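A.B. asks: Structure: start-v5.txt, compact mmCIF, C-alpha atoms and all ligand atoms.
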```
# COMPACT_ATOMS: atom_id res chain seq x y z
CA MET A 1 -0.31 -9.79 -10.52
CA SER A 2 -1.64 -12.33 -8.03
CA GLU A 3 -1.09 -11.43 -4.42
CA LEU A 4 1.35 -13.59 -2.49
CA LYS A 5 -0.47 -15.63 0.11
CA ILE A 6 1.63 -15.67 3.26
CA ASP A 7 1.69 -18.93 5.17
CA THR A 8 2.42 -18.26 8.85
CA ARG A 9 2.21 -21.89 10.05
CA LEU A 10 5.96 -22.11 10.66
CA TRP A 11 6.20 -18.72 12.36
CA SER A 12 6.78 -18.39 16.08
CA SER A 13 3.91 -16.88 18.02
CA LYS A 14 6.24 -13.92 18.58
CA ALA A 15 6.54 -13.35 14.81
CA ARG A 16 2.81 -13.83 14.32
CA ASN A 17 1.93 -11.22 16.92
CA LEU A 18 4.25 -8.43 15.80
CA SER A 19 2.80 -5.06 14.80
CA PRO A 20 5.61 -3.37 12.84
CA TYR A 21 6.17 0.37 12.45
CA THR A 22 5.25 1.89 9.07
CA PRO A 23 7.89 4.42 7.99
CA GLY A 24 6.87 7.50 6.01
CA GLU A 25 6.78 6.62 2.31
CA GLN A 26 9.80 7.08 0.05
CA PRO A 27 8.22 7.49 -3.42
CA GLN A 28 10.59 7.37 -6.37
CA HIS A 29 9.06 9.87 -8.83
CA ASP A 30 10.93 12.76 -10.41
CA ASN A 31 10.27 16.33 -9.38
CA LEU A 32 8.70 15.29 -6.12
CA CYS A 33 8.68 17.79 -3.27
CA LYS A 34 9.24 15.42 -0.37
CA LEU A 35 8.41 17.09 2.92
CA ASN A 36 7.14 14.05 4.82
CA THR A 37 9.97 12.25 6.65
CA ASN A 38 12.03 15.01 8.30
CA GLU A 39 15.19 14.38 6.33
CA ASN A 40 17.62 17.31 6.11
CA PRO A 41 17.27 19.33 2.88
CA PHE A 42 21.06 19.83 2.71
CA PRO A 43 23.64 17.21 1.76
CA PRO A 44 25.97 15.86 4.45
CA SER A 45 29.40 17.41 4.98
CA PRO A 46 31.65 16.74 1.95
CA LYS A 47 34.14 15.27 4.45
CA VAL A 48 31.74 12.33 4.94
CA GLY A 49 32.03 11.17 1.33
CA GLN A 50 35.79 11.67 1.38
CA ALA A 51 36.17 9.53 4.51
CA ILE A 52 34.01 6.77 3.03
CA ALA A 53 35.90 6.90 -0.28
CA LYS A 54 39.14 6.52 1.64
CA VAL A 55 37.93 3.28 3.22
CA LEU A 56 36.88 2.02 -0.21
CA THR A 57 40.02 2.93 -2.13
CA LYS A 58 43.15 3.68 -0.16
CA GLN A 59 42.84 0.75 2.15
CA ALA A 60 41.56 -1.76 -0.37
CA ASP A 61 41.76 -4.55 2.13
CA ASP A 62 39.56 -2.85 4.64
CA LEU A 63 36.17 -4.29 3.83
CA ARG A 64 37.53 -7.84 3.99
CA LEU A 65 37.93 -7.42 7.74
CA TYR A 66 35.29 -6.90 10.42
CA PRO A 67 34.79 -3.33 11.63
CA ALA A 68 35.77 -2.13 15.13
CA PRO A 69 33.02 -3.74 17.25
CA GLU A 70 32.85 -0.85 19.75
CA SER A 71 33.33 1.99 17.21
CA GLU A 72 36.00 3.65 19.38
CA ASP A 73 37.00 6.38 16.91
CA LEU A 74 33.44 7.55 16.42
CA ARG A 75 32.66 7.39 20.14
CA LYS A 76 35.86 9.30 20.91
CA ALA A 77 34.87 12.04 18.44
CA LEU A 78 31.41 12.27 20.06
CA ALA A 79 32.89 12.25 23.58
CA ASP A 80 35.20 15.14 22.65
CA PHE A 81 32.37 17.04 20.94
CA TYR A 82 30.19 16.85 24.07
CA ASP A 83 33.00 16.90 26.64
CA LEU A 84 32.21 13.41 28.00
CA ASP A 85 34.17 10.26 28.82
CA LEU A 86 34.37 7.50 26.22
CA ASN A 87 32.40 5.16 28.50
CA GLN A 88 29.47 7.62 28.55
CA VAL A 89 28.90 7.21 24.79
CA PHE A 90 27.16 4.38 22.91
CA VAL A 91 26.50 4.11 19.15
CA GLY A 92 24.18 1.91 17.11
CA ASN A 93 22.67 1.32 13.68
CA GLY A 94 20.38 4.37 13.73
CA SER A 95 18.78 5.61 16.91
CA ASP A 96 15.91 3.23 16.22
CA GLU A 97 18.27 0.36 17.01
CA VAL A 98 19.64 2.20 20.04
CA LEU A 99 16.05 2.65 21.26
CA ALA A 100 15.34 -1.08 20.80
CA LEU A 101 18.36 -1.88 22.99
CA VAL A 102 17.15 0.72 25.52
CA PHE A 103 13.74 -0.98 25.75
CA ALA A 104 15.34 -4.40 26.20
CA SER A 105 17.95 -3.16 28.71
CA PHE A 106 15.85 -0.98 31.01
CA PHE A 107 12.11 -1.42 30.49
CA LEU A 108 11.69 -5.21 30.58
CA LYS A 109 10.46 -5.16 34.17
CA GLU A 110 7.27 -5.67 36.18
CA ARG A 111 6.38 -1.98 36.00
CA PRO A 112 5.16 -0.25 32.81
CA VAL A 113 7.02 2.31 30.74
CA LEU A 114 5.40 5.74 30.36
CA ALA A 115 5.34 7.81 27.16
CA PRO A 116 3.27 10.73 25.85
CA ASP A 117 0.10 9.67 23.97
CA ILE A 118 1.17 11.82 21.03
CA SER A 119 4.82 11.14 20.24
CA TYR A 120 7.13 9.01 18.10
CA SER A 121 5.03 6.03 17.03
CA PHE A 122 7.93 3.59 17.30
CA TYR A 123 7.70 3.56 21.13
CA PRO A 124 4.44 1.52 21.27
CA VAL A 125 5.84 -0.78 18.57
CA TYR A 126 8.95 -1.58 20.64
CA ALA A 127 6.86 -2.03 23.78
CA HIS A 128 4.72 -4.57 21.90
CA THR A 129 7.75 -6.32 20.38
CA PHE A 130 9.34 -6.82 23.80
CA GLY A 131 6.09 -7.54 25.64
CA ILE A 132 6.40 -4.41 27.76
CA GLU A 133 3.33 -2.59 29.03
CA LEU A 134 3.32 1.01 27.80
CA VAL A 135 1.07 3.54 29.51
CA GLN A 136 0.35 6.60 27.41
CA ILE A 137 0.17 9.89 29.27
CA ALA A 138 -2.01 12.55 27.62
CA LEU A 139 -0.35 15.75 26.47
CA GLU A 140 -1.77 18.91 28.04
CA ALA A 141 -4.44 20.86 26.11
CA ASP A 142 -1.73 23.02 24.48
CA PHE A 143 0.22 19.84 23.49
CA SER A 144 2.93 20.48 26.09
CA ILE A 145 4.30 17.79 28.43
CA SER A 146 3.84 18.23 32.18
CA PRO A 147 6.15 16.17 34.46
CA ASP A 148 3.36 16.12 37.07
CA ALA A 149 1.28 13.86 34.83
CA TYR A 150 3.98 11.16 35.10
CA ARG A 151 3.70 10.60 38.86
CA GLN A 152 3.06 6.83 38.89
CA PRO A 153 5.16 3.68 39.36
CA CYS A 154 7.11 2.81 36.22
CA SER A 155 10.25 1.09 34.93
CA GLY A 156 11.06 4.13 32.84
CA ILE A 157 9.82 7.13 30.92
CA ILE A 158 10.55 7.89 27.28
CA ILE A 159 9.96 11.33 25.84
CA ALA A 160 10.99 12.81 22.51
CA ASN A 161 12.35 16.32 23.08
CA PRO A 162 11.58 18.29 20.98
CA ASN A 163 8.48 16.13 20.71
CA ALA A 164 7.31 14.73 17.37
CA PRO A 165 5.09 15.60 15.62
CA THR A 166 4.40 18.76 17.64
CA GLY A 167 7.94 20.22 17.61
CA LEU A 168 7.44 21.56 21.15
CA LEU A 169 10.38 21.72 23.54
CA MET A 170 10.37 20.62 27.17
CA SER A 171 12.60 22.63 29.53
CA LEU A 172 15.68 21.24 31.25
CA ALA A 173 14.01 22.17 34.55
CA ASP A 174 11.13 19.79 33.75
CA ILE A 175 13.52 16.99 32.72
CA ARG A 176 15.41 17.51 35.96
CA LYS A 177 12.12 17.23 37.83
CA LEU A 178 11.31 13.90 36.13
CA ALA A 179 14.76 12.49 36.89
CA ASN A 180 14.48 13.60 40.54
CA GLU A 181 11.00 12.21 41.08
CA HIS A 182 11.73 8.80 39.49
CA SER A 183 15.11 7.84 40.91
CA ASN A 184 14.50 4.09 40.37
CA ALA A 185 13.34 4.45 36.76
CA VAL A 186 15.37 5.21 33.63
CA ILE A 187 14.41 8.53 32.04
CA VAL A 188 15.09 8.43 28.29
CA ILE A 189 15.11 11.69 26.37
CA ASP A 190 15.02 11.09 22.60
CA GLU A 191 16.77 14.15 21.18
CA ALA A 192 16.42 13.32 17.47
CA TYR A 193 15.69 17.03 16.79
CA ILE A 194 17.53 18.82 19.61
CA ASP A 195 20.14 20.41 17.32
CA PHE A 196 17.36 22.52 15.79
CA ALA A 197 16.20 23.87 19.17
CA GLN A 198 17.02 27.49 19.74
CA THR A 199 16.34 29.31 22.98
CA GLU A 200 17.72 32.30 24.88
CA GLU A 201 19.58 29.95 27.27
CA GLY A 202 21.73 28.41 24.55
CA SER A 203 22.11 24.62 24.62
CA VAL A 204 19.04 22.78 25.86
CA SER A 205 20.32 19.22 25.47
CA ALA A 206 19.82 16.98 28.49
CA ILE A 207 23.36 15.70 27.89
CA SER A 208 24.33 18.53 30.26
CA LEU A 209 22.50 16.64 33.05
CA ILE A 210 23.90 13.12 32.73
CA ASN A 211 26.72 13.71 35.21
CA GLU A 212 24.14 14.85 37.73
CA PHE A 213 21.54 12.07 37.27
CA ASP A 214 22.57 8.40 37.04
CA ASN A 215 19.08 7.46 35.78
CA LEU A 216 19.08 9.78 32.76
CA LEU A 217 19.84 8.58 29.22
CA VAL A 218 19.82 10.75 26.10
CA THR A 219 19.57 9.41 22.53
CA GLN A 220 20.42 11.31 19.35
CA THR A 221 20.76 10.54 15.66
CA PHE A 222 22.82 11.44 12.59
CA SER A 223 19.66 11.20 10.46
CA LYS A 224 18.27 14.71 10.92
CA SER A 225 20.75 17.47 11.85
CA ARG A 226 23.68 15.68 10.20
CA SER A 227 21.90 14.80 6.93
CA LEU A 228 22.86 11.12 7.19
CA ALA A 229 19.56 9.22 7.39
CA GLY A 230 20.89 6.81 4.76
CA LEU A 231 24.02 5.93 6.74
CA ARG A 232 22.10 4.66 9.81
CA VAL A 233 23.94 5.96 12.86
CA GLY A 234 22.45 6.83 16.24
CA MET A 235 23.88 7.29 19.71
CA ALA A 236 23.14 7.30 23.43
CA PHE A 237 24.74 9.31 26.23
CA ALA A 238 24.52 8.36 29.92
CA ASN A 239 26.64 7.36 32.88
CA ALA A 240 28.97 4.39 32.39
CA SER A 241 26.66 1.89 34.13
CA LEU A 242 23.71 2.51 31.80
CA ILE A 243 26.04 2.47 28.78
CA GLU A 244 27.50 -0.86 29.93
CA ALA A 245 23.99 -2.39 29.96
CA LEU A 246 23.44 -1.23 26.37
CA THR A 247 26.84 -2.62 25.30
CA ARG A 248 26.05 -6.02 26.82
CA MET A 249 22.63 -6.08 25.17
CA LYS A 250 24.18 -5.13 21.80
CA ASN A 251 26.79 -7.88 22.12
CA SER A 252 24.06 -10.40 22.84
CA PHE A 253 22.37 -9.49 19.59
CA ASN A 254 24.81 -8.06 17.00
CA SER A 255 28.45 -7.27 17.80
CA TYR A 256 28.98 -5.20 14.65
CA PRO A 257 25.96 -2.92 14.16
CA LEU A 258 28.06 -0.19 12.50
CA ASP A 259 29.98 -1.10 9.35
CA LYS A 260 33.31 0.50 8.46
CA LEU A 261 31.78 2.98 6.04
CA ALA A 262 29.27 4.21 8.63
CA GLN A 263 31.96 4.57 11.30
CA ALA A 264 34.26 6.52 8.97
CA GLY A 265 31.50 8.74 7.58
CA ALA A 266 29.92 9.52 10.94
CA THR A 267 33.30 10.33 12.51
CA ALA A 268 34.08 12.77 9.67
CA SER A 269 30.69 14.41 10.18
CA VAL A 270 31.33 15.01 13.90
CA LEU A 271 34.78 16.46 13.17
CA ASP A 272 33.40 18.96 10.61
CA VAL A 273 31.98 21.30 13.26
CA GLU A 274 31.84 24.32 10.97
CA TYR A 275 29.66 22.62 8.35
CA PHE A 276 27.35 21.27 11.04
CA GLU A 277 26.86 24.68 12.63
CA GLN A 278 26.27 26.31 9.27
CA THR A 279 23.63 23.89 7.95
CA ARG A 280 21.73 23.59 11.18
CA GLN A 281 21.45 27.38 11.41
CA GLN A 282 20.20 27.43 7.80
CA VAL A 283 17.50 24.88 8.66
CA ILE A 284 16.47 26.94 11.70
CA ASP A 285 16.23 30.09 9.56
CA LEU A 286 14.21 28.24 6.91
CA ARG A 287 11.86 26.93 9.60
CA GLU A 288 11.24 30.45 10.86
CA SER A 289 10.48 31.78 7.36
CA LEU A 290 8.19 28.80 6.63
CA THR A 291 6.36 29.45 9.91
CA ALA A 292 5.85 33.11 8.94
CA GLU A 293 4.59 32.22 5.45
CA LEU A 294 2.13 29.62 6.77
CA THR A 295 0.92 32.03 9.43
CA ALA A 296 0.26 34.61 6.71
CA LEU A 297 -1.97 31.98 5.04
CA ASP A 298 -4.00 31.73 8.27
CA TYR A 299 -2.38 28.50 9.40
CA GLN A 300 -2.00 28.01 13.12
CA VAL A 301 1.64 26.92 13.55
CA LEU A 302 3.00 25.50 16.81
CA PRO A 303 6.32 27.04 17.90
CA SER A 304 8.72 24.43 16.51
CA HIS A 305 12.18 23.56 17.79
CA ALA A 306 12.63 20.83 15.17
CA ASN A 307 13.22 20.60 11.41
CA PHE A 308 9.48 20.39 10.75
CA VAL A 309 6.44 22.48 11.57
CA PHE A 310 3.08 21.28 12.84
CA ALA A 311 0.42 23.43 11.26
CA ARG A 312 -3.37 23.59 11.20
CA PRO A 313 -5.22 25.08 8.25
CA ASN A 314 -7.93 27.60 9.08
CA ASP A 315 -10.82 25.17 8.45
CA GLY A 316 -9.10 22.22 10.14
CA ASP A 317 -9.39 20.06 7.01
CA ALA A 318 -5.75 18.98 6.98
CA SER A 319 -6.56 15.74 5.22
CA ALA A 320 -8.00 17.59 2.19
CA VAL A 321 -4.95 19.85 2.02
CA ALA A 322 -2.60 16.84 2.14
CA SER A 323 -4.47 15.15 -0.74
CA ALA A 324 -4.55 18.31 -2.85
CA LEU A 325 -0.81 18.80 -2.33
CA ARG A 326 -0.10 15.19 -3.20
CA GLU A 327 -1.80 15.66 -6.59
CA GLN A 328 0.85 18.28 -7.29
CA GLY A 329 3.71 16.07 -6.16
CA ILE A 330 4.13 17.72 -2.76
CA ILE A 331 4.14 15.18 0.06
CA VAL A 332 3.51 16.20 3.66
CA ARG A 333 2.52 14.03 6.63
CA HIS A 334 -1.01 13.80 7.96
CA PHE A 335 -1.79 11.66 11.02
CA ASP A 336 -5.33 10.34 11.10
CA LYS A 337 -5.40 10.35 14.90
CA PRO A 338 -7.68 12.05 17.43
CA ARG A 339 -6.50 15.51 18.54
CA ILE A 340 -3.94 15.87 15.74
CA ASN A 341 -5.96 15.04 12.62
CA GLU A 342 -6.50 18.74 11.89
CA TYR A 343 -2.74 19.31 11.59
CA LEU A 344 -0.08 18.68 8.96
CA ARG A 345 3.52 17.91 9.76
CA ILE A 346 5.66 19.63 7.16
CA THR A 347 9.39 18.99 6.99
CA VAL A 348 11.62 22.05 6.53
CA GLY A 349 12.90 21.95 2.96
CA THR A 350 14.97 24.19 0.73
CA ALA A 351 13.86 27.74 -0.12
CA GLU A 352 12.77 26.44 -3.57
CA GLN A 353 10.66 23.69 -2.02
CA HIS A 354 9.02 26.21 0.32
CA GLU A 355 8.21 28.44 -2.64
CA ARG A 356 6.50 25.55 -4.39
CA LEU A 357 4.58 24.58 -1.26
CA ILE A 358 3.45 28.11 -0.46
CA SER A 359 2.32 28.86 -4.00
CA ALA A 360 0.31 25.60 -4.04
CA LEU A 361 -1.30 26.49 -0.69
CA THR A 362 -2.01 30.03 -1.88
CA ALA A 363 -3.77 28.67 -4.99
CA LEU A 364 -5.75 26.21 -2.86
CA ARG A 365 -6.93 28.99 -0.62
CA ALA A 366 -7.98 31.13 -3.58
CA MET A 367 -10.10 28.20 -4.83
CA SER A 368 -11.88 27.64 -1.52
CA THR A 369 -12.86 31.26 -0.88
C1 LIG B 401 13.82 10.18 13.15
C2 LIG B 401 13.60 9.80 14.58
C3 LIG B 401 14.26 8.74 15.17
C4 LIG B 401 15.01 7.72 14.35
O1 LIG B 401 16.21 8.08 13.96
P1 LIG B 401 17.16 7.04 13.18
O2 LIG B 401 18.47 7.36 13.78
O3 LIG B 401 17.04 7.42 11.74
O4 LIG B 401 16.74 5.65 13.45
C5 LIG B 401 14.10 8.50 16.52
N1 LIG B 401 13.27 9.26 17.26
C6 LIG B 401 12.58 10.26 16.73
C7 LIG B 401 11.68 11.06 17.58
C8 LIG B 401 12.72 10.55 15.37
O5 LIG B 401 11.98 11.52 14.82
```
Take the structure from the file and write it as structure tokens.

C.D. replies:
Amino acid sequence: MSELKIDTRLWSSKARNLSPYTPGEQPQHDNLCKLNTNENPFPPSPKVGQAIAKVLTKQADDLRLYPAPESEDLRKALADFYDLDLNQVFVGNGSDEVLALVFASFFLKERPVLAPDISYSFYPVYAHTFGIELVQIALEADFSISPDAYRQPCSGIIIANPNAPTGLLMSLADIRKLANEHSNAVIVIDEAYIDFAQTEEGSVSAISLINEFDNLLVTQTFSKSRSLAGLRVGMAFANASLIEALTRMKNSFNSYPLDKLAQAGATASVLDVEYFEQTRQQVIDLRESLTAELTALDYQVLPSHANFVFARPNDGDASAVASALREQGIIVRHFDKPRINEYLRITVGTAEQHERLISALTALRAMST
């Protein structure tokens, strides 16, 4: 097959200078053990499919009409779930879209945005897309995030908590410190994995701080803890003024980011509290058993609060392990980046997937010793 030669003559300079994000691969083979993109191993609540089917069948006329532009039912369900006002909740087409609107709404200023040097790799992509300077702040030696390292002028700070790919959790006290010390910057906490965090203090979501700090914004997603990566729904929580900026930005770009099926399915997911609690606890338990099994194989495993673990094989040759696993149809994520290239990010899977992974790693170890 001859390769298509792309002609960029008619492209804007903006289009020519983009550097798009590369998502983790989605290979289509049978019998693949896919532990590379942090999807939930469990299906979504059965109520989700029922709600979507209802839109498709009972109200046959529904898809002819535009969806609710401001997704009121879904936002109301989220507001009730978190005990917030409706005007403190925003939803979008995946949290990636919500984050794009956040960058455009709050970070397009003279001052740079700050983010950890090791974190979600979409942040530098958005900064580049919008022409925003992003200053990367180095993680501490133990991969933790220290608020003291962020003491410099900025338009905002964006931190994934728990962080990816480390899985480490920042305390609410540290988030409070950031919000206090940067009162004229927007502090964005990306809580894609927060539902998997488990500490003695109970809930560690920064949503509990948004009534206290008018410069704090929290994003979350249905893709991980709610098993709905394919539906594309994400959300933001903040005081009404920050949410209004996001709403205006959305309506200057796409008034209908969530279709009717997504609104119905996501709302049903929020209302099925029991299923949510059950599956997220199962993922947490599976993470703990995976951590123990990897530790028994001499892996160094960071204490994860997410639905993945970040683990270093004894000899540090993570790249070789990733290739050997791939030959057996087991896909994990390896980042060829300084400081983290000796680690693998392994998504929490089902008990059967863990068995397959651990027996492959056990065989590998037997071969190398
Ligand atoms: C998965 C992930 C997202 C993206 O979530 P979507 O809602 O699927 O777009 C955002 N931030 C982090 C840190 C993630 O890991």

A.B. asks: Of the residues A:Met235, A:Leu114, A:Ala141, A:Ala173, which is the one nearest to ligand LIG 401 (chain B), using only C-alpha atoms and all ligand atoms?

C.D. replies: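 Nearest to ligand LIG 401 (chain B): A:Met235.
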
A.B. asks: As AutoDock Vina command-line options, what would the box around ligand LIG 401 (chain B) look like: edges along x, y and z, 4 Å added on every side, centre and edge lengths in Å to one decimal?

C.D. replies:
```
--center_x 15.1 --center_y 8.6 --center_z 14.7 --size_x 14.8 --size_y 13.9 --size_z 13.8
```

A.B. asks: So what do you get for atom CA of A:Met170 versus atom CA of A:Gly24, distance-wise?

C.D. replies: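 These atoms are spaced 25.1 Å apart.
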
A.B. asks: Check the smallest atom-to-atom distance from each of A:Phe276, A:Tyr256, A:Phe196, A:Phe122 to A:Asp96 using all atoms listed in the file, then report the winner.

C.D. replies: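 Smallest separation from A:Asp96 among the options: A:Phe122.
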
A.B. asks: Which residue gives the smallest distance to A:Phe335 among A:Leu294, A:Ile187, A:Ile118, A:Ala245, with only C-alpha atoms counted?

C.D. replies: A:Ile118

A.B. asks: What residues have any atom no more than 7 Å from ligand LIG 401 (chain B) when counting only C-alpha atoms and all ligand atoms, and can you list them as a PyMOL selection string?

C.D. replies: chain A and resi 94-97+120+160+163-164+190-193+221-224+229+232-234

A.B. asks: Would you write out those residues with C-alpha atoms, as a PDB file, keeping the file's coordinate frame?

C.D. replies:
```
ATOM      1  CA  GLY A  94      20.380   4.370  13.730  1.00  0.00           C
ATOM      2  CA  SER A  95      18.780   5.610  16.910  1.00  0.00           C
ATOM      3  CA  ASP A  96      15.910   3.230  16.220  1.00  0.00           C
ATOM      4  CA  GLU A  97      18.270   0.360  17.010  1.00  0.00           C
ATOM      5  CA  TYR A 120       7.130   9.010  18.100  1.00  0.00           C
ATOM      6  CA  ALA A 160      10.990  12.810  22.510  1.00  0.00           C
ATOM      7  CA  ASN A 163       8.480  16.130  20.710  1.00  0.00           C
ATOM      8  CA  ALA A 164       7.310  14.730  17.370  1.00  0.00           C
ATOM      9  CA  ASP A 190      15.020  11.090  22.600  1.00  0.00           C
ATOM     10  CA  GLU A 191      16.770  14.150  21.180  1.00  0.00           C
ATOM     11  CA  ALA A 192      16.420  13.320  17.470  1.00  0.00           C
ATOM     12  CA  TYR A 193      15.690  17.030  16.790  1.00  0.00           C
ATOM     13  CA  THR A 221      20.760  10.540  15.660  1.00  0.00           C
ATOM     14  CA  PHE A 222      22.820  11.440  12.590  1.00  0.00           C
ATOM     15  CA  SER A 223      19.660  11.200  10.460  1.00  0.00           C
ATOM     16  CA  LYS A 224      18.270  14.710  10.920  1.00  0.00           C
ATOM     17  CA  ALA A 229      19.560   9.220   7.390  1.00  0.00           C
ATOM     18  CA  ARG A 232      22.100   4.660   9.810  1.00  0.00           C
ATOM     19  CA  VAL A 233      23.940   5.960  12.860  1.00  0.00           C
ATOM     20  CA  GLY A 234      22.450   6.830  16.240  1.00  0.00           C
TER      21      GLY A 234
END
```

A.B. asks: Identify, on the basis of all atoms listed in the file, every residue whose closest approach to A:Leu18 does not exceed 9 Å; exclude the query and any residue fewer than 6 positions from it along the same chain; express the result as a list in words.

C.D. replies: Val125, His128 and Thr129 of chain A

A.B. asks: Which residue gives the smallest distance to A:Leu228 among A:Glu39, A:Glu288, A:Glu140, A:Glu3, with all atoms listed in the file counted?

C.D. replies: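 Of all the options, A:Glu39 lies closest to A:Leu228.
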
A.B. asks: Could you check which of A:Leu172, A:His305, A:Asp62, A:Val270 is closest to A:Leu209, using all atoms listed in the file?

C.D. replies: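 Between A:Leu172, A:His305, A:Asp62, A:Val270, the residue approaching A:Leu209 most closely is A:Leu172.
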